[in-house]
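S.K.: File data34.txt follows (compact mmCIF, C-alpha atoms):
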# COMPACT_ATOMS: atom_id res chain seq x y z
CA MET A 1 -18.94 -38.77 40.43
CA ALA A 2 -17.58 -36.63 37.62
CA SER A 3 -15.71 -38.41 34.88
CA LEU A 4 -12.13 -37.54 34.11
CA PRO A 5 -11.57 -35.34 31.07
CA SER A 6 -10.30 -37.11 27.97
CA PRO A 7 -6.65 -36.65 26.97
CA SER A 8 -7.72 -34.26 24.18
CA GLU A 9 -9.76 -32.18 26.65
CA GLN A 10 -6.80 -32.11 29.03
CA ARG A 11 -4.50 -31.03 26.20
CA ALA A 12 -6.92 -28.26 25.15
CA ARG A 13 -6.98 -26.95 28.71
CA PHE A 14 -3.22 -27.04 28.83
CA SER A 15 -3.10 -25.07 25.57
CA GLU A 16 -5.08 -22.27 27.21
CA ARG A 17 -2.29 -21.96 29.81
CA LEU A 18 0.53 -22.54 27.33
CA ARG A 19 -0.21 -19.69 24.93
CA PRO A 20 0.29 -16.87 27.47
CA SER A 21 3.60 -18.54 28.35
CA ILE A 22 4.57 -18.57 24.66
CA ASP A 23 3.66 -14.87 24.43
CA ASP A 24 5.84 -14.12 27.48
CA ASP A 25 8.78 -16.03 25.97
CA ILE A 26 8.42 -14.16 22.69
CA ASN A 27 8.26 -10.81 24.48
CA GLN A 28 11.47 -11.67 26.33
CA ASP A 29 13.41 -13.09 23.37
CA PRO A 30 11.67 -13.84 20.06
CA TYR A 31 14.94 -15.08 18.57
CA ARG A 32 14.83 -18.28 20.65
CA GLN A 33 11.60 -19.43 19.03
CA SER A 34 13.32 -21.31 16.19
CA THR A 35 14.99 -23.55 18.75
CA ALA A 36 11.81 -23.76 20.83
CA ALA A 37 9.84 -24.83 17.74
CA ARG A 38 12.32 -27.62 16.97
CA MET A 39 12.14 -28.84 20.56
CA PHE A 40 8.34 -28.74 20.51
CA MET A 41 8.28 -30.66 17.22
CA ARG A 42 10.52 -33.36 18.72
CA SER A 43 8.29 -33.51 21.78
CA ILE A 44 5.17 -33.96 19.65
CA THR A 45 6.84 -36.72 17.64
CA GLU A 46 8.11 -38.53 20.72
CA ARG A 47 4.76 -38.35 22.50
CA TYR A 48 2.91 -39.62 19.43
CA THR A 49 5.24 -42.54 18.84
CA ASN A 50 5.25 -43.56 22.52
CA SER A 51 1.55 -43.22 23.34
CA ASP A 52 -1.81 -44.43 22.19
CA HIS A 53 -3.51 -41.04 22.50
CA ASP A 54 -6.08 -40.09 19.91
CA ILE A 55 -4.91 -37.84 17.06
CA SER A 56 -7.03 -34.98 18.47
CA VAL A 57 -4.44 -34.52 21.23
CA PHE A 58 -1.76 -33.88 18.63
CA GLU A 59 -3.97 -31.59 16.59
CA VAL A 60 -3.97 -29.22 19.58
CA ASP A 61 -0.18 -29.51 19.64
CA LEU A 62 0.01 -28.50 15.98
CA HIS A 63 -2.12 -25.42 16.54
CA ASP A 64 0.17 -24.45 19.44
CA LEU A 65 3.27 -25.00 17.30
CA TRP A 66 1.90 -22.78 14.52
CA TYR A 67 0.86 -20.21 17.12
CA MET A 68 4.42 -20.10 18.44
CA LEU A 69 5.91 -19.56 14.98
CA ILE A 70 3.28 -17.03 13.87
CA GLN A 71 3.58 -14.94 17.03
CA ALA A 72 7.37 -14.89 16.72
CA ALA A 73 7.07 -13.99 13.02
CA LYS A 74 5.04 -10.92 13.94
CA VAL A 75 7.80 -9.45 16.12
CA ILE A 76 11.01 -10.48 14.34
CA PRO A 77 11.85 -7.70 11.86
CA VAL A 78 11.30 -8.86 8.31
CA ALA A 79 14.84 -7.92 7.13
CA GLU A 80 16.70 -9.83 9.86
CA PRO A 81 18.33 -13.22 9.22
CA ALA A 82 16.34 -14.56 12.19
CA ALA A 83 13.18 -14.12 10.08
CA ASP A 84 14.67 -16.50 7.49
CA GLN A 85 15.63 -18.94 10.22
CA LEU A 86 12.13 -18.89 11.67
CA ALA A 87 10.48 -19.58 8.31
CA SER A 88 13.00 -22.34 7.58
CA GLN A 89 11.70 -24.17 10.66
CA VAL A 90 8.47 -24.84 8.77
CA LEU A 91 10.50 -26.28 5.88
CA LEU A 92 12.43 -28.42 8.35
CA ILE A 93 9.17 -29.64 9.88
CA ARG A 94 7.77 -30.61 6.48
CA ASN A 95 10.98 -32.40 5.56
CA TRP A 96 10.68 -34.70 8.56
CA GLY A 97 8.18 -36.61 6.45
CA PRO A 98 5.05 -38.36 7.63
CA MET A 99 4.88 -39.25 11.31
CA SER A 100 3.78 -42.73 12.37
CA ARG A 101 3.86 -45.11 15.31
CA ILE A 102 4.12 -48.86 15.63
CA ARG A 103 1.01 -50.71 16.74
CA ALA A 104 0.49 -54.32 17.78
CA GLY A 105 1.85 -56.77 15.25
CA ASP A 106 4.50 -54.32 14.03
CA GLU A 107 1.98 -52.40 11.94
CA TYR A 108 2.63 -48.72 11.31
CA GLU A 109 -0.13 -46.26 12.15
CA PRO A 110 0.33 -43.01 10.25
CA ALA A 111 -0.52 -39.75 12.02
CA ILE A 112 -3.46 -38.54 9.95
CA THR A 113 -5.49 -35.62 11.26
CA SER A 114 -9.25 -35.14 11.19
CA THR A 115 -8.71 -33.13 7.98
CA GLN A 116 -7.01 -36.15 6.39
CA GLN A 117 -3.60 -34.48 6.37
CA ARG A 118 -0.42 -36.25 7.43
CA ILE A 119 1.68 -34.86 10.26
CA TRP A 120 4.45 -33.48 9.41
CA ILE A 121 4.63 -33.65 5.66
CA ASP A 122 1.28 -31.94 4.96
CA LEU A 123 1.69 -29.25 7.66
CA PRO A 124 -1.89 -29.66 8.90
CA PHE A 125 -3.72 -26.50 9.99
CA LEU A 126 -0.85 -24.16 9.03
CA VAL A 127 -2.74 -22.25 6.34
CA ASP A 128 -5.88 -21.95 8.48
CA ASP A 129 -3.88 -20.70 11.46
CA LEU A 130 -2.00 -18.19 9.27
CA GLN A 131 -5.28 -16.89 7.86
CA ARG A 132 -6.78 -16.66 11.34
CA ALA A 133 -3.73 -14.71 12.56
CA TRP A 134 -3.85 -12.45 9.54
CA SER A 135 -7.51 -11.64 10.00
CA SER A 136 -6.87 -10.50 13.57
CA SER A 137 -7.64 -6.83 13.98
CA GLU A 138 -5.10 -6.50 16.78
CA MET A 139 -1.96 -6.39 14.60
CA THR A 140 0.09 -3.25 14.21
CA ALA A 141 1.47 -2.19 10.83
CA VAL A 142 4.92 -3.51 11.85
CA GLU A 143 3.48 -6.88 12.89
CA SER A 144 1.56 -7.05 9.62
CA ARG A 145 4.71 -6.34 7.61
CA ASN A 146 6.70 -8.94 9.54
CA LEU A 147 3.97 -11.57 9.16
CA ALA A 148 3.68 -10.77 5.44
CA GLY A 149 7.42 -11.40 5.12
CA PHE A 150 7.04 -14.74 6.93
CA ILE A 151 4.19 -15.77 4.62
CA ALA A 152 6.20 -14.70 1.56
CA ARG A 153 9.18 -16.76 2.74
CA LEU A 154 6.99 -19.84 3.18
CA ALA A 155 5.67 -19.39 -0.37
CA MET A 156 9.24 -18.91 -1.63
CA PHE A 157 10.20 -22.21 0.04
CA GLY A 158 7.38 -23.90 -1.87
CA ILE A 159 5.18 -24.36 1.18
CA TYR A 160 1.54 -24.05 0.11
CA THR A 161 2.64 -21.58 -2.53
CA ASP A 162 -0.73 -21.54 -4.26
CA LYS A 163 -2.55 -20.83 -1.01
CA LEU A 164 -0.12 -18.34 0.48
CA ILE A 165 1.15 -16.21 -2.40
CA ALA A 166 -2.13 -14.34 -2.95
CA CYS A 167 -2.48 -13.61 0.75
CA SER A 168 1.16 -12.58 1.00
CA LEU A 169 0.87 -10.09 -1.86
CA ASP A 170 -2.37 -8.73 -0.50
CA SER A 171 -0.90 -8.52 2.99
CA ILE A 172 2.01 -6.47 1.70
CA ALA A 173 -0.51 -4.16 0.04
CA LEU A 174 -2.38 -4.02 3.31
CA VAL A 175 0.71 -2.70 5.06
CA PHE A 176 0.79 0.18 2.57
CA TYR A 177 -2.90 0.86 2.98
CA PHE A 178 -3.07 0.16 6.73
CA THR A 179 -3.99 3.73 7.51
CA SER A 180 -6.82 3.63 5.00
CA PRO A 181 -10.33 3.34 6.46
CA ASN A 182 -10.86 0.46 4.00
CA TRP A 183 -8.06 -1.77 5.31
CA ARG A 184 -10.53 -4.36 6.68
CA LEU A 185 -12.05 -4.68 3.19
CA ILE A 186 -8.59 -5.38 1.77
CA ASN A 187 -8.08 -8.06 4.44
CA ARG A 188 -11.41 -9.73 3.59
CA HIS A 189 -10.41 -9.67 -0.07
CA CYS A 190 -7.18 -11.50 0.80
CA LEU A 191 -9.04 -14.26 2.63
CA SER A 192 -11.70 -14.64 -0.08
CA MET A 193 -9.11 -14.88 -2.87
CA THR A 194 -7.00 -17.53 -1.13
CA PRO A 195 -7.88 -21.01 -2.42
CA ARG A 196 -8.63 -23.62 0.22
Mind turning the file's structure into structure tokens?
M.R.:
Amino acid sequence: MASLPSPSEQRARFSERLRPSIDDDINQDPYRQSTAARMFMRSITERYTNSDHDISVFEVDLHDLWYMLIQAAKVIPVAEPAADQLASQVLLIRNWGPMSRIRAGDEYEPAITSTQQRIWIDLPFLVDDLQRAWSSSEMTAVESRNLAGFIARLAMFGIYTDKLIACSLDSIALVFYFTSPNWRLINRHCLSMTPR
């Protein structure tokens, strides 16, 4: 008899079905993603505080949350107020502070990821997911420009400024040189110069 998948395996499988749905929502109306991100954040918090699931379940949630914001950032024009609103969701998320739940004996259990970062205050996996999105060869010049604006806004808000500012400046340069045959070399330079 086959064993049941663990909650983290179930959540990973759900993520595979969720992402195409996120893409469809963004294609229909990318401007709703700020609200969707807030709702998702509340859902993650509520599920963590009311369950005993392992942190790995919520790590998948975080990757899906960042995916939602990054994909929306690619399609919302960089000069629109909605681009500011989208980036401000990350600031809002960070300002929620560290997430925790009450265990037996009224002890608090902080939500600390496998990378030793605290959910929400440390924004676990955000920089890695941004770098992964940026290194994708499937972006158009417009998507690159919009994502560069999103990254620049995050740095302006003081979110991982030291890690994002170099990539943001290089990504803006990449937009200018996108038609160059050497654009992949510029992208690799951005990732190698970004401190981890």
S.K.: Could you list, as number ranges by chain, every residue within 10 Å of Leu86 of chain A, counting all atoms listed in the file and ignoring same-chain residues fewer than 6 positions away?
M.R.: A: 30-35, 37, 69-70, 72-73, 76, 150, 153-154
S.K.: The selected residues should be written to file as a PDB file, in the frame of the given file (atoms: C-alpha atoms).
M.R.:
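Heads up, here's the output in selection_20.pdb:
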ATOM      1  CA  PRO A  30      11.670 -13.840  20.060  1.00  0.00           C
ATOM      2  CA  TYR A  31      14.940 -15.080  18.570  1.00  0.00           C
ATOM      3  CA  ARG A  32      14.830 -18.280  20.650  1.00  0.00           C
ATOM      4  CA  GLN A  33      11.600 -19.430  19.030  1.00  0.00           C
ATOM      5  CA  SER A  34      13.320 -21.310  16.190  1.00  0.00           C
ATOM      6  CA  THR A  35      14.990 -23.550  18.750  1.00  0.00           C
ATOM      7  CA  ALA A  37       9.840 -24.830  17.740  1.00  0.00           C
ATOM      8  CA  LEU A  69       5.910 -19.560  14.980  1.00  0.00           C
ATOM      9  CA  ILE A  70       3.280 -17.030  13.870  1.00  0.00           C
ATOM     10  CA  ALA A  72       7.370 -14.890  16.720  1.00  0.00           C
ATOM     11  CA  ALA A  73       7.070 -13.990  13.020  1.00  0.00           C
ATOM     12  CA  ILE A  76      11.010 -10.480  14.340  1.00  0.00           C
ATOM     13  CA  PHE A 150       7.040 -14.740   6.930  1.00  0.00           C
ATOM     14  CA  ARG A 153       9.180 -16.760   2.740  1.00  0.00           C
ATOM     15  CA  LEU A 154       6.990 -19.840   3.180  1.00  0.00           C
TER      16      LEU A 154
END
S.K.: Val57 of chain A: which residues within 8 Å, counting only C-alpha atoms, same-chain residues fewer than 4 positions away excluded, as a list in words?
M.R.: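 Everything that qualifies: Pro7, Ser8, Glu9, Arg11, Ala12, His53 and Asp61 of chain A.
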S.K.: Counting all atoms listed in the file, which of A:Leu62, A:Ala155, A:Met68, A:Val75 gets nearest to Val142 of chain A?
M.R.: A:Val75
S.K.: To one decimal place, how far is atom CA of Arg94 of chain A from atom CA of Met139 of chain A in Å?
M.R.: 27.3 Å
S.K.: May I ask for the distance between atom CA of Gln10 of chain A and atom CA of Val60 of chain A, given in Å to one decimal place?
M.R.: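 Between atom CA of Gln10 of chain A and atom CA of Val60 of chain A the gap is 10.3 Å.
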S.K.: So the first atom is atom CA of Leu164 of chain A and the second is atom CA of Ala148 of chain A; what is the distance between them in Å, to one decimal place?
M.R.: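 Interatomic distance, atom CA of Leu164 of chain A to atom CA of Ala148 of chain A: 9.8 Å.
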S.K.: Using only C-alpha atoms, find the one residue out of A:Ser137, A:Asn50, A:Ser114, A:Ser88 that sits nearest to Ile151 of chain A.
M.R.: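 Nearest candidate to Ile151 of chain A out of A:Ser137, A:Asn50, A:Ser114, A:Ser88: A:Ser88.
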S.K.: Pick from A:Glu59, A:Glu46, A:Asp84, A:Asp29: nearest to Met156 of chain A, with only C-alpha atoms counted?
M.R.: A:Asp84
S.K.: From the options A:Arg19, A:Arg13, A:Arg118, A:Arg42, which residue's atoms come nearest to Asp64 of chain A, counting only C-alpha atoms?
M.R.: A:Arg19
S.K.: Show which residues sit within 12 Å of Ile102 of chain A, as a list in words. Count all atoms listed in the file, and ignore same-chain residues fewer than 2 positions away.
M.R.: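 Using all atoms listed in the file, the neighbours found are Tyr48, Thr49, Asn50, Ser51, Asp52, Met99, Ser100, Ala104, Gly105, Asp106, Glu107, Tyr108, Glu109, Pro110 and Ala111 of chain A.
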S.K.: Take the residues from that selection and write them out as a PDB file, in the frame of the given file, keeping C-alpha atoms.
M.R.:
ATOM      1  CA  TYR A  48       2.910 -39.620  19.430  1.00  0.00           C
ATOM      2  CA  THR A  49       5.240 -42.540  18.840  1.00  0.00           C
ATOM      3  CA  ASN A  50       5.250 -43.560  22.520  1.00  0.00           C
ATOM      4  CA  SER A  51       1.550 -43.220  23.340  1.00  0.00           C
ATOM      5  CA  ASP A  52      -1.810 -44.430  22.190  1.00  0.00           C
ATOM      6  CA  MET A  99       4.880 -39.250  11.310  1.00  0.00           C
ATOM      7  CA  SER A 100       3.780 -42.730  12.370  1.00  0.00           C
ATOM      8  CA  ALA A 104       0.490 -54.320  17.780  1.00  0.00           C
ATOM      9  CA  GLY A 105       1.850 -56.770  15.250  1.00  0.00           C
ATOM     10  CA  ASP A 106       4.500 -54.320  14.030  1.00  0.00           C
ATOM     11  CA  GLU A 107       1.980 -52.400  11.940  1.00  0.00           C
ATOM     12  CA  TYR A 108       2.630 -48.720  11.310  1.00  0.00           C
ATOM     13  CA  GLU A 109      -0.130 -46.260  12.150  1.00  0.00           C
ATOM     14  CA  PRO A 110       0.330 -43.010  10.250  1.00  0.00           C
ATOM     15  CA  ALA A 111      -0.520 -39.750  12.020  1.00  0.00           C
TER      16      ALA A 111
END
S.K.: Kindly indicate which residue among A:Ser3, A:Leu92, A:Glu80, A:Leu18 lies nearest to Met41 of chain A, using all atoms listed in the file for the distances.
M.R.: A:Leu92
S.K.: Taking all atoms listed in the file into account, name the residue in A:Gln71, A:Arg101, A:Ala87, A:Arg132 that is nearest to Asn27 of chain A.
M.R.: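 Residue with the minimum atom-to-atom distance to Asn27 of chain A: A:Gln71.
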S.K.: Name all residues at most 9 Å from Thr113 of chain A (count all atoms listed in the file; drop same-chain ones fewer than 2 positions away) and give them as a PyMOL selection string.
M.R.: chain A and resi 55-56+58-59+111+115-119+124
